[in-house]
Amino acid sequence: MSGYACKDCEDSGWLDAPDGNAVVPCHCREQLVAGRRSRALSGVIPRRYQGASVDRPPISLMPTAQVDLVRAYIRDLEKQLDQGRGLWFFGDVGTGKTTLAMLVSQTAIEARRSVAIYSLPRLLAEIRGTFEDDADGSYVDLLDRLAEIDLLQIDDLGAEKTSDWVLEQLYSIINSRYEAQRSIIITTNLERDQLAEQIGERTVSRLEEICELCPLFGTDQRRFEAVDMRDKDQPPAPDLRLA
Ligand SMILES: Nc1ncnc2c1ncn2[C@@H]1O[C@H](COP(=O)(O)OP(=O)(O)OP(=O)(O)O)[C@@H](O)[C@H]1O
Ligand SMILES: [Mg+2]
C-alpha cells in the first residue's frame with residue numbers, strides 16, 4: 001500500500017504536465033485544498049467517541065430502526081454528502097445522539113471528506129471570537145471555511161440561549177450551507193418547535209428540509225457503566241485528523 005490518499009500525485013495536488021515543463025492540478029486537488037482549509041476548523045473525533053461501530057456496543061444496543069437509518073446513510077455516504085443531505089438526531093439526554101453523529105463524521109473523515117465538528121456553544125464562541133480586536137481570522141473567512149467543507153456536525157443545538165446577533169450569524173452559516181447543498185448533522189435535546197424558539201424559525205426550517213429526522217428516546221445511559229467503543233482486537237484508533 002502506498003500510504004497516499006492519491007497515488008497519482010502522492011498527495012501533492014500537482015502532476016507533471018505532458019510537456020514536462022510545468023505542472024497541472026491533479027484531479028484530487030480540489031478535495032486536497034478543502035481538506036487543508038478544514039484543518040483550521042475543529043475536525044477531530046473526541047476520544048470518548050473514537051472507534052464507534054454499528055457492530056459493537058453501545059451502537060449495537062441502540063434501537064434497530066435508528067441504527068439502520070445511520071447504517072443506510074453511511075452506506076451511501078458519498079452520495080448523501082454530494083447531495084447535501086444530513087441527519088437530525090433529537091431526543092432524551094444520554095441516548096446516543098452524539099455517538100451516532102460522531103460515527104457518521106468518523107466515517108466521512110476516513111473517506112477523506114472534509115469535516116468540522118462543533119458543539120453549538122463552541123461554534124458561537126468561535127463566531128464571537130472573530131469579532132475581537134486581536135482575532136486570528138475574520139468572520140467572513142470562518143464563514144467561507146464552514147461553507148465549503150463536506151460535512152458540518154453541530155452538537156447540542158439549542159443548549160444555550162444567545163443573542164439575536166449571534167443567532168443571525170448561525171443562520172448565515174446554515175443558510176450558506178443550505179444554498180450550497182452541503183451536509184449538516186445536528187444533535188439536540190429539544191423538540192422542533194422548542195428548537196425554533198431557541199435558534200430561530202428560518203434556521204430550523206432549512207435544517208428540516210435537508211436533514212432526515214432520527215429520534216432517540218429512553219433512559220439516560222450515562223447512569224450505567226460506560227462502554228468502551230474501541231475494538232479490543234484492533235490497535236488504538238489512528239489519529240483521524242487529515243494530515
Ligand atoms: N443504547 C446504549 N447502550 C449503552 N450505552 C449507551 C447507549 N446509548 C448511549 N450510550 C452511552 O451513553 C453515553 C452518552 O452517549 P451520547 O453522548 O451519545 O448521548 P447523547 O444522546 O448525545 O446525550 P446528550 O443529550 O446529553 O448530549 C456514552 O457513554 C454512550 O457510550
Ligand atoms: Mg450529545
# chains A, B, ... in the order shown; residues from 1 in each chain; ligands from 1
>>> select_by_dssp(residues="range 89-143 of chain A", states="strand (DSSP E or B)", output="MDAnalysis selection string")
chainID A and resid 89:91 115:119
>>> residues_near_ligand(ligand="ligand 2", cutoff="8 Å", atoms="only C-alpha atoms and all ligand atoms", output="PDB file with all heavy atoms, in the first residue's frame")
ATOM      1  N   VAL A  93     -31.713  12.999  26.961  1.00  0.00           N
ATOM      2  CA  VAL A  93     -30.300  13.058  27.362  1.00  0.00           C
ATOM      3  C   VAL A  93     -29.706  11.644  27.464  1.00  0.00           C
ATOM      4  O   VAL A  93     -30.370  10.724  27.957  1.00  0.00           O
ATOM      5  CB  VAL A  93     -30.197  13.764  28.748  1.00  0.00           C
ATOM      6  CG1 VAL A  93     -28.806  13.601  29.350  1.00  0.00           C
ATOM      7  CG2 VAL A  93     -30.568  15.226  28.624  1.00  0.00           C
ATOM      8  N   GLY A  94     -28.498  11.470  26.970  1.00  0.00           N
ATOM      9  CA  GLY A  94     -27.767  10.216  27.155  1.00  0.00           C
ATOM     10  C   GLY A  94     -28.334   9.016  26.420  1.00  0.00           C
ATOM     11  O   GLY A  94     -28.277   7.885  26.904  1.00  0.00           O
ATOM     12  N   GLY A  96     -27.504   8.418  23.007  1.00  0.00           N
ATOM     13  CA  GLY A  96     -26.626   8.019  21.909  1.00  0.00           C
ATOM     14  C   GLY A  96     -26.633   8.925  20.693  1.00  0.00           C
ATOM     15  O   GLY A  96     -26.063   8.579  19.654  1.00  0.00           O
ATOM     16  N   LYS A  97     -27.228  10.112  20.816  1.00  0.00           N
ATOM     17  CA  LYS A  97     -27.297  11.019  19.656  1.00  0.00           C
ATOM     18  C   LYS A  97     -25.902  11.424  19.165  1.00  0.00           C
ATOM     19  O   LYS A  97     -25.597  11.335  17.977  1.00  0.00           O
ATOM     20  CB  LYS A  97     -28.099  12.289  20.031  1.00  0.00           C
ATOM     21  CG  LYS A  97     -29.523  11.997  20.454  1.00  0.00           C
ATOM     22  CD  LYS A  97     -30.269  13.253  20.843  1.00  0.00           C
ATOM     23  CE  LYS A  97     -29.699  13.957  22.054  1.00  0.00           C
ATOM     24  NZ  LYS A  97     -29.717  13.146  23.297  1.00  0.00           N
ATOM     25  N   THR A  98     -25.081  11.876  20.107  1.00  0.00           N
ATOM     26  CA  THR A  98     -23.730  12.315  19.713  1.00  0.00           C
ATOM     27  C   THR A  98     -22.903  11.129  19.220  1.00  0.00           C
ATOM     28  O   THR A  98     -22.132  11.257  18.270  1.00  0.00           O
ATOM     29  CB  THR A  98     -23.045  13.027  20.901  1.00  0.00           C
ATOM     30  OG1 THR A  98     -23.859  14.135  21.273  1.00  0.00           O
ATOM     31  CG2 THR A  98     -21.665  13.532  20.530  1.00  0.00           C
ATOM     32  N   THR A  99     -23.091   9.969  19.855  1.00  0.00           N
ATOM     33  CA  THR A  99     -22.355   8.770  19.432  1.00  0.00           C
ATOM     34  C   THR A  99     -22.629   8.476  17.962  1.00  0.00           C
ATOM     35  O   THR A  99     -21.709   8.230  17.175  1.00  0.00           O
ATOM     36  CB  THR A  99     -22.781   7.552  20.291  1.00  0.00           C
ATOM     37  OG1 THR A  99     -22.631   7.879  21.674  1.00  0.00           O
ATOM     38  CG2 THR A  99     -21.958   6.331  19.959  1.00  0.00           C
ATOM     39  N   ASP A 155     -23.276  19.855  17.481  1.00  0.00           N
ATOM     40  CA  ASP A 155     -23.804  19.109  18.616  1.00  0.00           C
ATOM     41  C   ASP A 155     -24.512  20.059  19.571  1.00  0.00           C
ATOM     42  O   ASP A 155     -24.105  21.212  19.696  1.00  0.00           O
ATOM     43  CB  ASP A 155     -22.596  18.491  19.340  1.00  0.00           C
ATOM     44  CG  ASP A 155     -22.833  17.047  19.673  1.00  0.00           C
ATOM     45  OD1 ASP A 155     -23.710  16.422  19.066  1.00  0.00           O
ATOM     46  OD2 ASP A 155     -22.120  16.548  20.555  1.00  0.00           O
ATOM     47  N   ASP A 156     -25.545  19.554  20.244  1.00  0.00           N
ATOM     48  CA  ASP A 156     -26.199  20.321  21.312  1.00  0.00           C
ATOM     49  C   ASP A 156     -26.839  21.610  20.836  1.00  0.00           C
ATOM     50  O   ASP A 156     -26.702  22.654  21.483  1.00  0.00           O
ATOM     51  CB  ASP A 156     -25.175  20.664  22.416  1.00  0.00           C
ATOM     52  CG  ASP A 156     -25.050  19.538  23.409  1.00  0.00           C
ATOM     53  OD1 ASP A 156     -25.952  18.677  23.429  1.00  0.00           O
ATOM     54  OD2 ASP A 156     -24.055  19.517  24.143  1.00  0.00           O
ATOM     55  N   THR A 187     -27.369  17.450  16.596  1.00  0.00           N
ATOM     56  CA  THR A 187     -27.979  16.723  17.710  1.00  0.00           C
ATOM     57  C   THR A 187     -28.611  17.761  18.627  1.00  0.00           C
ATOM     58  O   THR A 187     -28.079  18.865  18.781  1.00  0.00           O
ATOM     59  CB  THR A 187     -26.959  15.889  18.520  1.00  0.00           C
ATOM     60  OG1 THR A 187     -26.186  16.762  19.352  1.00  0.00           O
ATOM     61  CG2 THR A 187     -26.036  15.075  17.636  1.00  0.00           C
ATOM     62  N   THR A 188     -29.731  17.403  19.205  1.00  0.00           N
ATOM     63  CA  THR A 188     -30.422  18.328  20.112  1.00  0.00           C
ATOM     64  C   THR A 188     -31.333  17.565  21.073  1.00  0.00           C
ATOM     65  O   THR A 188     -31.819  16.482  20.751  1.00  0.00           O
ATOM     66  CB  THR A 188     -31.254  19.362  19.312  1.00  0.00           C
ATOM     67  OG1 THR A 188     -31.903  20.244  20.230  1.00  0.00           O
ATOM     68  CG2 THR A 188     -32.306  18.705  18.435  1.00  0.00           C
TER      69      THR A 188
END
>>> residues_near_ligand(ligand="ligand 1", cutoff="9 Å", atoms="only C-alpha atoms and all ligand atoms", output="JSON, numbers by chain")
{"A": [48, 49, 52, 57, 58, 59, 60, 61, 62, 63, 89, 90, 91, 92, 93, 94, 95, 96, 97, 98, 99, 100, 101, 102, 155, 156, 187, 188, 189, 216, 217, 218, 219, 220, 221, 222, 223, 224, 225, 226, 227, 228, 229]}
>>> atom_distance(atom1="CA of Ala180 in chain A", atom2="CA of Cys211 in chain A")
14.4 Å
>>> residues_around(residues="range 127-140 of chain A", least_positions_apart="5", cutoff="10 Å", atoms="only C-alpha atoms", output="list in words")
Pro121, Arg122, Arg145, Leu146, Trp165, Val166, Gln169 and Leu170 of chain A
>>> atom_distance(atom1="CA of Asp150 in chain A", atom2="CA of Thr64 in chain A")
27.2 Å
>>> closest_residue(among="A:Ile74, A:Ile45, A:Ala116, A:Leu207", to="Ile149 in chain A", atoms="only C-alpha atoms")
A:Ala116
>>> residues_around(residues="range 109-113 of chain A", least_positions_apart="2", cutoff="7 Å", atoms="only C-alpha atoms", output="PDB file with N, CA and C atoms, in the first residue's frame")
ATOM      1  N   SER A 105     -19.474  11.211  11.216  1.00  0.00           N
ATOM      2  CA  SER A 105     -18.333  12.099  10.943  1.00  0.00           C
ATOM      3  C   SER A 105     -17.051  11.301  10.803  1.00  0.00           C
ATOM      4  N   GLN A 106     -16.875  10.312  11.674  1.00  0.00           N
ATOM      5  CA  GLN A 106     -15.675   9.474  11.605  1.00  0.00           C
ATOM      6  C   GLN A 106     -15.593   8.765  10.260  1.00  0.00           C
ATOM      7  N   THR A 107     -16.733   8.253   9.790  1.00  0.00           N
ATOM      8  CA  THR A 107     -16.755   7.563   8.503  1.00  0.00           C
ATOM      9  C   THR A 107     -16.406   8.534   7.373  1.00  0.00           C
ATOM     10  N   VAL A 115     -14.441  17.547   7.205  1.00  0.00           N
ATOM     11  CA  VAL A 115     -15.465  17.522   8.253  1.00  0.00           C
ATOM     12  C   VAL A 115     -15.108  18.542   9.331  1.00  0.00           C
ATOM     13  N   ASP A 150     -17.241  19.434   3.500  1.00  0.00           N
ATOM     14  CA  ASP A 150     -18.262  18.472   3.063  1.00  0.00           C
ATOM     15  C   ASP A 150     -19.323  18.205   4.125  1.00  0.00           C
ATOM     16  N   LEU A 240      -7.273  10.627  13.435  1.00  0.00           N
ATOM     17  CA  LEU A 240      -8.022  10.777  12.191  1.00  0.00           C
ATOM     18  C   LEU A 240      -7.930  12.175  11.591  1.00  0.00           C
TER      19      LEU A 240
END
>>> closest_atom_pairs(of="range 26-92 of chain A", to="range 7-21 of chain A", cutoff="9 Å", atoms="only C-alpha atoms", output="Markdown table")
| residue | atom | partner | partner_atom | distance |
| --- | --- | --- | --- | --- |
| A:Cys26 | CA | A:Trp14 | CA | 4.9 |
| A:His27 | CA | A:Gly13 | CA | 7.8 |
| A:Cys28 | CA | A:Gly13 | CA | 6.3 |
| A:Arg29 | CA | A:Gly13 | CA | 4.6 |
| A:Glu30 | CA | A:Gly13 | CA | 8.2 |
| A:Leu32 | CA | A:Gly13 | CA | 6.7 |
| A:Val33 | CA | A:Gly13 | CA | 8.2 |
>>> write_last_selection(atoms="all heavy atoms", output="PDB file, in the first residue's frame")
ATOM      1  N   CYS A  26      -3.819  18.162 -10.055  1.00  0.00           N
ATOM      2  CA  CYS A  26      -4.283  16.767 -10.049  1.00  0.00           C
ATOM      3  C   CYS A  26      -5.806  16.744  -9.877  1.00  0.00           C
ATOM      4  O   CYS A  26      -6.393  17.709  -9.364  1.00  0.00           O
ATOM      5  CB  CYS A  26      -3.608  16.033  -8.898  1.00  0.00           C
ATOM      6  SG  CYS A  26      -4.036  14.285  -8.812  1.00  0.00           S
ATOM      7  N   HIS A  27      -6.429  15.642 -10.275  1.00  0.00           N
ATOM      8  CA  HIS A  27      -7.890  15.515 -10.111  1.00  0.00           C
ATOM      9  C   HIS A  27      -8.309  15.621  -8.639  1.00  0.00           C
ATOM     10  O   HIS A  27      -9.421  15.953  -8.318  1.00  0.00           O
ATOM     11  CB  HIS A  27      -8.380  14.179 -10.696  1.00  0.00           C
ATOM     12  CG  HIS A  27      -7.667  12.989 -10.116  1.00  0.00           C
ATOM     13  ND1 HIS A  27      -8.055  12.386  -8.946  1.00  0.00           N
ATOM     14  CD2 HIS A  27      -6.558  12.328 -10.538  1.00  0.00           C
ATOM     15  CE1 HIS A  27      -7.222  11.392  -8.675  1.00  0.00           C
ATOM     16  NE2 HIS A  27      -6.299  11.333  -9.623  1.00  0.00           N
ATOM     17  N   CYS A  28      -7.370  15.349  -7.717  1.00  0.00           N
ATOM     18  CA  CYS A  28      -7.714  15.358  -6.285  1.00  0.00           C
ATOM     19  C   CYS A  28      -7.510  16.739  -5.659  1.00  0.00           C
ATOM     20  O   CYS A  28      -7.756  16.923  -4.478  1.00  0.00           O
ATOM     21  CB  CYS A  28      -6.868  14.343  -5.519  1.00  0.00           C
ATOM     22  SG  CYS A  28      -5.167  14.907  -5.293  1.00  0.00           S
ATOM     23  N   ARG A  29      -7.027  17.701  -6.459  1.00  0.00           N
ATOM     24  CA  ARG A  29      -6.549  18.946  -5.856  1.00  0.00           C
ATOM     25  C   ARG A  29      -7.653  19.707  -5.091  1.00  0.00           C
ATOM     26  O   ARG A  29      -7.424  20.210  -4.002  1.00  0.00           O
ATOM     27  CB  ARG A  29      -5.936  19.851  -6.934  1.00  0.00           C
ATOM     28  CG  ARG A  29      -5.415  21.129  -6.322  1.00  0.00           C
ATOM     29  CD  ARG A  29      -4.333  21.814  -7.085  1.00  0.00           C
ATOM     30  NE  ARG A  29      -4.045  23.080  -6.453  1.00  0.00           N
ATOM     31  CZ  ARG A  29      -3.334  23.228  -5.354  1.00  0.00           C
ATOM     32  NH1 ARG A  29      -2.810  22.192  -4.765  1.00  0.00           N
ATOM     33  NH2 ARG A  29      -3.153  24.404  -4.820  1.00  0.00           N
ATOM     34  N   GLU A  30      -8.831  19.742  -5.692  1.00  0.00           N
ATOM     35  CA  GLU A  30      -9.909  20.499  -5.057  1.00  0.00           C
ATOM     36  C   GLU A  30     -10.200  19.952  -3.647  1.00  0.00           C
ATOM     37  O   GLU A  30     -10.308  20.679  -2.671  1.00  0.00           O
ATOM     38  CB  GLU A  30     -11.168  20.390  -5.921  1.00  0.00           C
ATOM     39  CG  GLU A  30     -12.087  21.576  -5.778  1.00  0.00           C
ATOM     40  CD  GLU A  30     -13.265  21.436  -6.716  1.00  0.00           C
ATOM     41  OE1 GLU A  30     -13.051  21.186  -7.922  1.00  0.00           O
ATOM     42  OE2 GLU A  30     -14.385  21.547  -6.231  1.00  0.00           O
ATOM     43  N   LEU A  32      -8.185  18.163  -1.851  1.00  0.00           N
ATOM     44  CA  LEU A  32      -6.995  18.347  -1.019  1.00  0.00           C
ATOM     45  C   LEU A  32      -6.996  19.740  -0.389  1.00  0.00           C
ATOM     46  O   LEU A  32      -6.749  19.911   0.801  1.00  0.00           O
ATOM     47  CB  LEU A  32      -5.752  18.159  -1.892  1.00  0.00           C
ATOM     48  CG  LEU A  32      -4.425  18.036  -1.179  1.00  0.00           C
ATOM     49  CD1 LEU A  32      -4.251  16.614  -0.666  1.00  0.00           C
ATOM     50  CD2 LEU A  32      -3.288  18.369  -2.132  1.00  0.00           C
ATOM     51  N   VAL A  33      -7.313  20.730  -1.205  1.00  0.00           N
ATOM     52  CA  VAL A  33      -7.314  22.107  -0.708  1.00  0.00           C
ATOM     53  C   VAL A  33      -8.416  22.282   0.331  1.00  0.00           C
ATOM     54  O   VAL A  33      -8.209  22.879   1.396  1.00  0.00           O
ATOM     55  CB  VAL A  33      -7.499  23.113  -1.874  1.00  0.00           C
ATOM     56  CG1 VAL A  33      -7.721  24.520  -1.348  1.00  0.00           C
ATOM     57  CG2 VAL A  33      -6.284  23.072  -2.798  1.00  0.00           C
TER      58      VAL A  33
END
>>> atom_distance(atom1="CA of Leu190 in chain A", atom2="CA of Val104 in chain A")
21.0 Å
>>> closest_residue(among="A:Glu168, A:Ser176, A:Thr162, A:Arg85", to="Ala147 in chain A", atoms="only C-alpha atoms")
A:Ser176
>>> closest_residue(among="A:Glu179, A:Asp68, A:Glu201, A:Glu191", to="Glu148 in chain A", atoms="only C-alpha atoms")
A:Glu179
>>> select_by_dssp(residues="range 34-132 of chain A", states="alpha helix (DSSP H)", output="JSON, numbers by chain")
{"A": [34, 35, 36, 37, 38, 64, 65, 66, 67, 68, 69, 70, 71, 72, 73, 74, 75, 77, 78, 79, 80, 81, 82, 97, 98, 99, 100, 101, 102, 103, 104, 105, 106, 107, 108, 109, 110, 120, 121, 122, 123, 124, 125, 126, 127, 128, 129]}
